[in-house]
Amino acid sequence: MGTRRVLVTGCSSGIGLAVAARLAKDELRRFKVNNAGVGMIGPLECQSIDAMKNLFDTNFFGLARLVKELLPDMKQRQSGHIVVMSSVMGIQGLLFNDVYSASKFAVEGFCESLAVQAMKFSIKTTLVEPGPVVTEFERKVYEDAEKMDLSGTDEETAKIFREVYLPYSKKIFASLGQTPEEVAEQTVKVITAKEPPLRHQTNRLYMPMTALKHADPTGRLPLDAFYKMIFKHDSVFNATLGVLRMLQRSAWKK
Ligand SMILES: NC(=O)c1ccc[n+]([C@@H]2O[C@H](COP(=O)([O-])OP(=O)(O)OC[C@H]3O[C@@H](n4cnc5c(N)ncnc54)[C@H](OP(=O)(O)O)[C@@H]3O)[C@@H](O)[C@H]2O)c1
């Protein structure tokens with residue numbers, strides 16, 4: 001199987017642990033998976049610049065440091081595969097996820113740019129883009145949200161965060177959340193393919209969300225759709241979630 005090296009960052013829990021276990025099971029030792037990452041939600045006015053820098057240090061600079069370290073050897077060997085745990089939020093921004101989403105956009109831009117050079121040296125690049133996954137990540141962001149001091153923002157924003165965003169977000173995780181094992185299974189399947197894609201979204205039910213963006217280069221379509229779904233049509237949001245939940249269940253049964 002070529003070289004005897006495997007590297008998965010952030011594998012003490014969640015997706016990284018499941019990916020490391022899945023790779024070990026099949027004795028797949030040629031992958032470098034940059035998975036370590038942290039989340040951050042809430043009104044921007046309540047988040048310190050230091051906290052934002054820390055998040056970027058893990059989510060983006062962790063990747064940059066790793067690739068900088070490994071790339072010369074991969075180039076010299078003319079082989080290797082850089083696998084990065086991104087997110088659907090690396091493609092489409094989401095309410096109250098400004099900084100987290102920005103860090104994943106950075107990851108996407110970095111890999112998309114690097115992939116062309118990597119290709120010249122026969123190095124593959126794959127961005128895995130999960131939607132919600134039920135892991136420690138979810139528990140930690142909600143725990144931080146409960147403790148968050150919202151006095152830095154106005155009352156209306158604090159109310160939207162507590163009474164609209166948090167209940168919506170929890171419903172989405174409960175309805176559509178994947179297990180880390182499902183994400184690991186898809187990750188291994190995709191990266192061991194003969195022609196691995198640059199991007200792979202693990203949750204088919206999330207694809208319409210990102211498709212809106214590609215459908216309208218002006219950005220109006222996704223903006224209007226998210227605005228209406230969150231602020232105008234509570235019943236549409238709940239009904240859509242209900243339908244998606246049914247689709248998810250029938251997909252699992254197959
Ligand atoms: N869960 C989701 O809904 C979801 C959705 C899309 C994408 N993702 C992405 O998937 C990846 C894994 O997340 P997860 O859901 O599996 O969360 P998780 O269970 O919290 O695992 C995150 C892992 O990253 C490690 N980590 C965090 N900060 C680190 C640092 N500064 N240096 C080294 N390791 C660090 C953690 O180790 P310690 O616990 O020891 O700090 C842990 O092993 C992240 O990149 C995340 O952005 C998650």
# chains A, B, ... in the order shown; residues from 1 in each chain; ligands from 1
$ residues_near_ligand --ligand "ligand 1" --cutoff "6 Å" --atoms "only C-alpha atoms and all ligand atoms" --output "PDB file with N, CA, C and O atoms, in the first residue's frame"
ATOM      1  N   GLY A  10      -6.774  15.429  15.489  1.00  0.00           N
ATOM      2  CA  GLY A  10      -8.025  15.542  16.238  1.00  0.00           C
ATOM      3  C   GLY A  10      -8.777  14.235  16.278  1.00  0.00           C
ATOM      4  O   GLY A  10      -9.945  14.171  15.885  1.00  0.00           O
ATOM      5  N   CYS A  11      -8.095  13.165  16.738  1.00  0.00           N
ATOM      6  CA  CYS A  11      -8.789  11.872  16.736  1.00  0.00           C
ATOM      7  C   CYS A  11      -9.060  11.357  18.145  1.00  0.00           C
ATOM      8  O   CYS A  11      -9.203  10.170  18.356  1.00  0.00           O
ATOM      9  N   SER A  12      -9.157  12.288  19.128  1.00  0.00           N
ATOM     10  CA  SER A  12      -9.495  11.843  20.483  1.00  0.00           C
ATOM     11  C   SER A  12     -10.998  11.577  20.600  1.00  0.00           C
ATOM     12  O   SER A  12     -11.443  10.922  21.522  1.00  0.00           O
ATOM     13  N   SER A  13     -11.784  12.120  19.670  1.00  0.00           N
ATOM     14  CA  SER A  13     -13.237  11.900  19.730  1.00  0.00           C
ATOM     15  C   SER A  13     -13.864  12.145  18.362  1.00  0.00           C
ATOM     16  O   SER A  13     -13.169  12.510  17.406  1.00  0.00           O
ATOM     17  N   GLY A  14     -15.170  11.921  18.272  1.00  0.00           N
ATOM     18  CA  GLY A  14     -15.975  12.307  17.115  1.00  0.00           C
ATOM     19  C   GLY A  14     -15.544  11.725  15.777  1.00  0.00           C
ATOM     20  O   GLY A  14     -15.183  10.552  15.671  1.00  0.00           O
ATOM     21  N   ILE A  15     -15.582  12.579  14.763  1.00  0.00           N
ATOM     22  CA  ILE A  15     -15.327  12.136  13.384  1.00  0.00           C
ATOM     23  C   ILE A  15     -13.896  11.612  13.228  1.00  0.00           C
ATOM     24  O   ILE A  15     -13.659  10.583  12.596  1.00  0.00           O
ATOM     25  N   GLY A  16     -12.919  12.322  13.834  1.00  0.00           N
ATOM     26  CA  GLY A  16     -11.512  11.924  13.714  1.00  0.00           C
ATOM     27  C   GLY A  16     -11.274  10.526  14.263  1.00  0.00           C
ATOM     28  O   GLY A  16     -10.576   9.712  13.646  1.00  0.00           O
ATOM     29  N   ASN A  35      -8.351  16.859  10.497  1.00  0.00           N
ATOM     30  CA  ASN A  35      -9.723  16.818  11.004  1.00  0.00           C
ATOM     31  C   ASN A  35      -9.941  17.733  12.202  1.00  0.00           C
ATOM     32  O   ASN A  35     -11.051  18.203  12.429  1.00  0.00           O
ATOM     33  N   ALA A  36      -8.882  18.014  12.973  1.00  0.00           N
ATOM     34  CA  ALA A  36      -9.040  18.788  14.219  1.00  0.00           C
ATOM     35  C   ALA A  36      -9.791  20.089  13.933  1.00  0.00           C
ATOM     36  O   ALA A  36      -9.511  20.787  12.960  1.00  0.00           O
ATOM     37  N   GLY A  37     -10.756  20.384  14.778  1.00  0.00           N
ATOM     38  CA  GLY A  37     -11.516  21.613  14.562  1.00  0.00           C
ATOM     39  C   GLY A  37     -12.394  21.929  15.758  1.00  0.00           C
ATOM     40  O   GLY A  37     -12.730  21.051  16.545  1.00  0.00           O
ATOM     41  N   VAL A  38     -12.733  23.201  15.882  1.00  0.00           N
ATOM     42  CA  VAL A  38     -13.617  23.638  16.965  1.00  0.00           C
ATOM     43  C   VAL A  38     -14.707  24.538  16.383  1.00  0.00           C
ATOM     44  O   VAL A  38     -14.530  25.143  15.339  1.00  0.00           O
ATOM     45  N   THR A  58      -6.728  26.867  15.194  1.00  0.00           N
ATOM     46  CA  THR A  58      -6.997  25.428  15.074  1.00  0.00           C
ATOM     47  C   THR A  58      -7.549  25.080  13.695  1.00  0.00           C
ATOM     48  O   THR A  58      -7.006  24.221  12.998  1.00  0.00           O
ATOM     49  N   MET A  85     -11.167  17.731   6.723  1.00  0.00           N
ATOM     50  CA  MET A  85     -12.547  17.782   7.203  1.00  0.00           C
ATOM     51  C   MET A  85     -12.990  19.235   7.174  1.00  0.00           C
ATOM     52  O   MET A  85     -12.634  20.026   8.032  1.00  0.00           O
ATOM     53  N   SER A  86     -13.754  19.566   6.149  1.00  0.00           N
ATOM     54  CA  SER A  86     -14.290  20.924   6.045  1.00  0.00           C
ATOM     55  C   SER A  86     -15.705  20.893   6.604  1.00  0.00           C
ATOM     56  O   SER A  86     -15.960  20.267   7.648  1.00  0.00           O
ATOM     57  N   SER A  87     -16.661  21.487   5.932  1.00  0.00           N
ATOM     58  CA  SER A  87     -18.050  21.531   6.412  1.00  0.00           C
ATOM     59  C   SER A  87     -18.915  22.123   5.308  1.00  0.00           C
ATOM     60  O   SER A  87     -18.392  22.854   4.448  1.00  0.00           O
ATOM     61  N   PRO A 130     -19.178  17.641   5.851  1.00  0.00           N
ATOM     62  CA  PRO A 130     -20.383  17.145   6.534  1.00  0.00           C
ATOM     63  C   PRO A 130     -21.356  18.273   6.849  1.00  0.00           C
ATOM     64  O   PRO A 130     -20.966  19.438   6.964  1.00  0.00           O
ATOM     65  N   GLY A 131     -22.627  17.910   6.995  1.00  0.00           N
ATOM     66  CA  GLY A 131     -23.625  18.794   7.604  1.00  0.00           C
ATOM     67  C   GLY A 131     -23.521  18.557   9.104  1.00  0.00           C
ATOM     68  O   GLY A 131     -22.428  18.281   9.604  1.00  0.00           O
ATOM     69  N   PRO A 132     -24.626  18.603   9.842  1.00  0.00           N
ATOM     70  CA  PRO A 132     -24.527  18.362  11.283  1.00  0.00           C
ATOM     71  C   PRO A 132     -24.157  16.902  11.603  1.00  0.00           C
ATOM     72  O   PRO A 132     -24.666  15.983  10.975  1.00  0.00           O
ATOM     73  N   VAL A 133     -23.241  16.742  12.557  1.00  0.00           N
ATOM     74  CA  VAL A 133     -22.820  15.410  12.990  1.00  0.00           C
ATOM     75  C   VAL A 133     -22.889  15.413  14.521  1.00  0.00           C
ATOM     76  O   VAL A 133     -22.414  16.363  15.162  1.00  0.00           O
ATOM     77  N   VAL A 134     -23.481  14.366  15.070  1.00  0.00           N
ATOM     78  CA  VAL A 134     -23.683  14.355  16.519  1.00  0.00           C
ATOM     79  C   VAL A 134     -22.395  13.884  17.210  1.00  0.00           C
ATOM     80  O   VAL A 134     -22.072  12.689  17.210  1.00  0.00           O
ATOM     81  N   THR A 135     -21.653  14.851  17.729  1.00  0.00           N
ATOM     82  CA  THR A 135     -20.362  14.580  18.395  1.00  0.00           C
ATOM     83  C   THR A 135     -20.223  15.536  19.585  1.00  0.00           C
ATOM     84  O   THR A 135     -21.102  16.344  19.853  1.00  0.00           O
ATOM     85  N   GLU A 136     -19.052  15.497  20.195  1.00  0.00           N
ATOM     86  CA  GLU A 136     -18.716  16.422  21.288  1.00  0.00           C
ATOM     87  C   GLU A 136     -18.802  17.878  20.836  1.00  0.00           C
ATOM     88  O   GLU A 136     -19.068  18.782  21.614  1.00  0.00           O
ATOM     89  N   PHE A 137     -18.507  18.081  19.543  1.00  0.00           N
ATOM     90  CA  PHE A 137     -18.516  19.408  18.917  1.00  0.00           C
ATOM     91  C   PHE A 137     -19.855  20.105  19.209  1.00  0.00           C
ATOM     92  O   PHE A 137     -19.898  21.245  19.672  1.00  0.00           O
ATOM     93  N   GLU A 138     -20.947  19.385  18.955  1.00  0.00           N
ATOM     94  CA  GLU A 138     -22.294  19.922  19.159  1.00  0.00           C
ATOM     95  C   GLU A 138     -22.499  20.239  20.647  1.00  0.00           C
ATOM     96  O   GLU A 138     -22.951  21.322  21.005  1.00  0.00           O
TER      97      GLU A 138
END
$ residues_around --residues "region 204-220 of chain A" --least-positions-apart "3" --cutoff "7 Å" --atoms "only C-alpha atoms" --output "ChimeraX atom specification"
/A:91-92,131,201,223-224,244
$ residues_around --residues "Phe60 (chain A)" --least-positions-apart "2" --cutoff "9 Å" --atoms "only C-alpha atoms" --output "list of chain:residue names"
A:Gly37, A:Leu55, A:Phe56, A:Asp57, A:Thr58, A:Gly62, A:Leu63, A:Ala64, A:Arg65, A:Ser103, A:Lys104, A:Ala106, A:Val107, A:Phe110
$ write_last_selection --atoms "all heavy atoms" --output "compact mmCIF listing (two decimals), in the first residue's frame"
# COMPACT_ATOMS: atom_id res chain seq x y z
N GLY A 37 -10.76 20.38 14.78
CA GLY A 37 -11.52 21.61 14.56
C GLY A 37 -12.39 21.93 15.76
O GLY A 37 -12.73 21.05 16.55
N LEU A 55 -9.75 30.21 17.29
CA LEU A 55 -10.50 29.31 16.41
C LEU A 55 -9.79 29.16 15.06
O LEU A 55 -9.61 28.06 14.55
CB LEU A 55 -11.93 29.82 16.22
CG LEU A 55 -12.78 28.94 15.31
CD1 LEU A 55 -14.13 28.64 15.93
CD2 LEU A 55 -12.98 29.58 13.94
N PHE A 56 -9.34 30.28 14.51
CA PHE A 56 -8.61 30.23 13.24
C PHE A 56 -7.30 29.46 13.39
O PHE A 56 -6.86 28.80 12.46
CB PHE A 56 -8.36 31.65 12.69
CG PHE A 56 -9.37 32.05 11.66
CD1 PHE A 56 -10.63 32.49 12.03
CD2 PHE A 56 -9.08 31.97 10.30
CE1 PHE A 56 -11.58 32.84 11.07
CE2 PHE A 56 -10.02 32.31 9.34
CZ PHE A 56 -11.27 32.75 9.71
N ASP A 57 -6.69 29.58 14.56
CA ASP A 57 -5.42 28.87 14.77
C ASP A 57 -5.62 27.36 14.64
O ASP A 57 -4.80 26.67 14.06
CB ASP A 57 -4.85 29.23 16.16
CG ASP A 57 -3.38 28.85 16.23
OD1 ASP A 57 -2.63 29.22 15.31
OD2 ASP A 57 -3.01 28.13 17.18
N THR A 58 -6.73 26.87 15.19
CA THR A 58 -7.00 25.43 15.07
C THR A 58 -7.55 25.08 13.70
O THR A 58 -7.01 24.22 13.00
CB THR A 58 -8.02 24.99 16.15
OG1 THR A 58 -7.49 25.28 17.43
CG2 THR A 58 -8.32 23.50 16.05
N GLY A 62 -3.92 25.32 11.70
CA GLY A 62 -3.56 23.91 11.96
C GLY A 62 -3.37 23.19 10.64
O GLY A 62 -2.40 22.45 10.45
N LEU A 63 -4.28 23.42 9.71
CA LEU A 63 -4.19 22.81 8.38
C LEU A 63 -2.98 23.35 7.62
O LEU A 63 -2.21 22.58 7.04
CB LEU A 63 -5.49 23.11 7.59
CG LEU A 63 -5.45 22.84 6.09
CD1 LEU A 63 -5.34 21.35 5.80
CD2 LEU A 63 -6.69 23.42 5.40
N ALA A 64 -2.81 24.68 7.64
CA ALA A 64 -1.70 25.30 6.90
C ALA A 64 -0.35 24.75 7.42
O ALA A 64 0.53 24.43 6.63
CB ALA A 64 -1.76 26.82 7.04
N ARG A 65 -0.23 24.65 8.77
CA ARG A 65 1.03 24.14 9.34
C ARG A 65 1.29 22.70 8.90
O ARG A 65 2.40 22.34 8.52
CB ARG A 65 0.97 24.20 10.88
CG ARG A 65 1.30 25.57 11.47
CD ARG A 65 1.48 25.49 12.98
NE ARG A 65 0.23 25.28 13.66
CZ ARG A 65 -0.53 26.25 14.17
NH1 ARG A 65 -0.15 27.50 14.10
NH2 ARG A 65 -1.66 25.96 14.77
N SER A 103 -13.78 30.42 8.95
CA SER A 103 -12.59 29.55 9.06
C SER A 103 -12.68 28.39 8.06
O SER A 103 -11.67 27.96 7.49
CB SER A 103 -12.42 29.01 10.49
OG SER A 103 -13.37 28.01 10.78
N LYS A 104 -13.90 27.89 7.82
CA LYS A 104 -14.06 26.79 6.87
C LYS A 104 -13.99 27.30 5.42
O LYS A 104 -13.52 26.59 4.53
CB LYS A 104 -15.36 26.02 7.13
CG LYS A 104 -15.36 25.26 8.46
CD LYS A 104 -14.33 24.12 8.49
CE LYS A 104 -14.40 23.31 9.76
NZ LYS A 104 -13.38 22.24 9.84
N ALA A 106 -11.97 29.62 4.63
CA ALA A 106 -10.51 29.74 4.48
C ALA A 106 -9.92 28.37 4.10
O ALA A 106 -9.07 28.27 3.21
CB ALA A 106 -9.88 30.25 5.79
N VAL A 107 -10.40 27.35 4.77
CA VAL A 107 -9.94 25.98 4.49
C VAL A 107 -10.24 25.62 3.03
O VAL A 107 -9.39 25.06 2.31
CB VAL A 107 -10.66 24.98 5.47
CG1 VAL A 107 -10.58 23.56 4.97
CG2 VAL A 107 -10.08 25.11 6.87
N PHE A 110 -8.02 27.63 0.57
CA PHE A 110 -6.64 27.13 0.67
C PHE A 110 -6.50 25.84 -0.15
O PHE A 110 -5.60 25.72 -0.99
CB PHE A 110 -6.34 26.88 2.17
CG PHE A 110 -5.00 26.31 2.47
CD1 PHE A 110 -3.91 27.14 2.66
CD2 PHE A 110 -4.83 24.94 2.65
CE1 PHE A 110 -2.67 26.62 2.98
CE2 PHE A 110 -3.60 24.41 2.97
CZ PHE A 110 -2.51 25.25 3.14
$ closest_residue --among "A:Ala51, A:Leu44, A:Arg77, A:Thr179" --to "Leu95 (chain A)" --atoms "only C-alpha atoms"
A:Leu44
$ closest_residue --among "A:Gly177, A:Tyr100, A:Glu185, A:Leu127" --to "Ala21 (chain A)" --atoms "only C-alpha atoms"
A:Glu185
$ residues_around --residues "Leu198 (chain A)" --least-positions-apart "6" --cutoff "9 Å" --atoms "only C-alpha atoms" --output "compact mmCIF listing (two decimals) with N, CA, C and O atoms, in the first residue's frame"
# COMPACT_ATOMS: atom_id res chain seq x y z
N CYS A 111 -7.40 24.90 0.09
CA CYS A 111 -7.29 23.59 -0.58
C CYS A 111 -7.58 23.69 -2.07
O CYS A 111 -6.91 23.04 -2.88
N GLU A 112 -8.57 24.50 -2.42
CA GLU A 112 -8.92 24.65 -3.84
C GLU A 112 -7.73 25.23 -4.60
O GLU A 112 -7.43 24.82 -5.72
N ALA A 115 -4.77 22.59 -4.63
CA ALA A 115 -5.04 21.33 -5.35
C ALA A 115 -4.43 21.30 -6.75
O ALA A 115 -4.00 20.24 -7.22
N LYS A 124 -3.13 14.05 -4.33
CA LYS A 124 -4.58 14.28 -4.39
C LYS A 124 -5.04 15.15 -3.22
O LYS A 124 -4.39 15.16 -2.16
N THR A 125 -6.14 15.84 -3.43
CA THR A 125 -6.72 16.69 -2.38
C THR A 125 -8.21 16.41 -2.30
O THR A 125 -8.88 16.40 -3.33
N THR A 126 -8.72 16.19 -1.09
CA THR A 126 -10.17 16.01 -0.93
C THR A 126 -10.68 16.77 0.29
O THR A 126 -10.13 16.64 1.39
N LEU A 127 -11.73 17.55 0.06
CA LEU A 127 -12.42 18.25 1.15
C LEU A 127 -13.70 17.47 1.47
O LEU A 127 -14.56 17.32 0.60
N VAL A 128 -13.80 16.97 2.70
CA VAL A 128 -15.03 16.28 3.11
C VAL A 128 -15.90 17.34 3.79
O VAL A 128 -15.43 18.07 4.68
$ closest_residue --among "A:Pro180, A:Pro196, A:Gly109, A:Gly90" --to "Leu17 (chain A)" --atoms "only C-alpha atoms"
A:Pro180
$ atom_distance --atom1 "CA of Val83 (chain A)" --atom2 "CA of Gln178 (chain A)"
19.4 Å
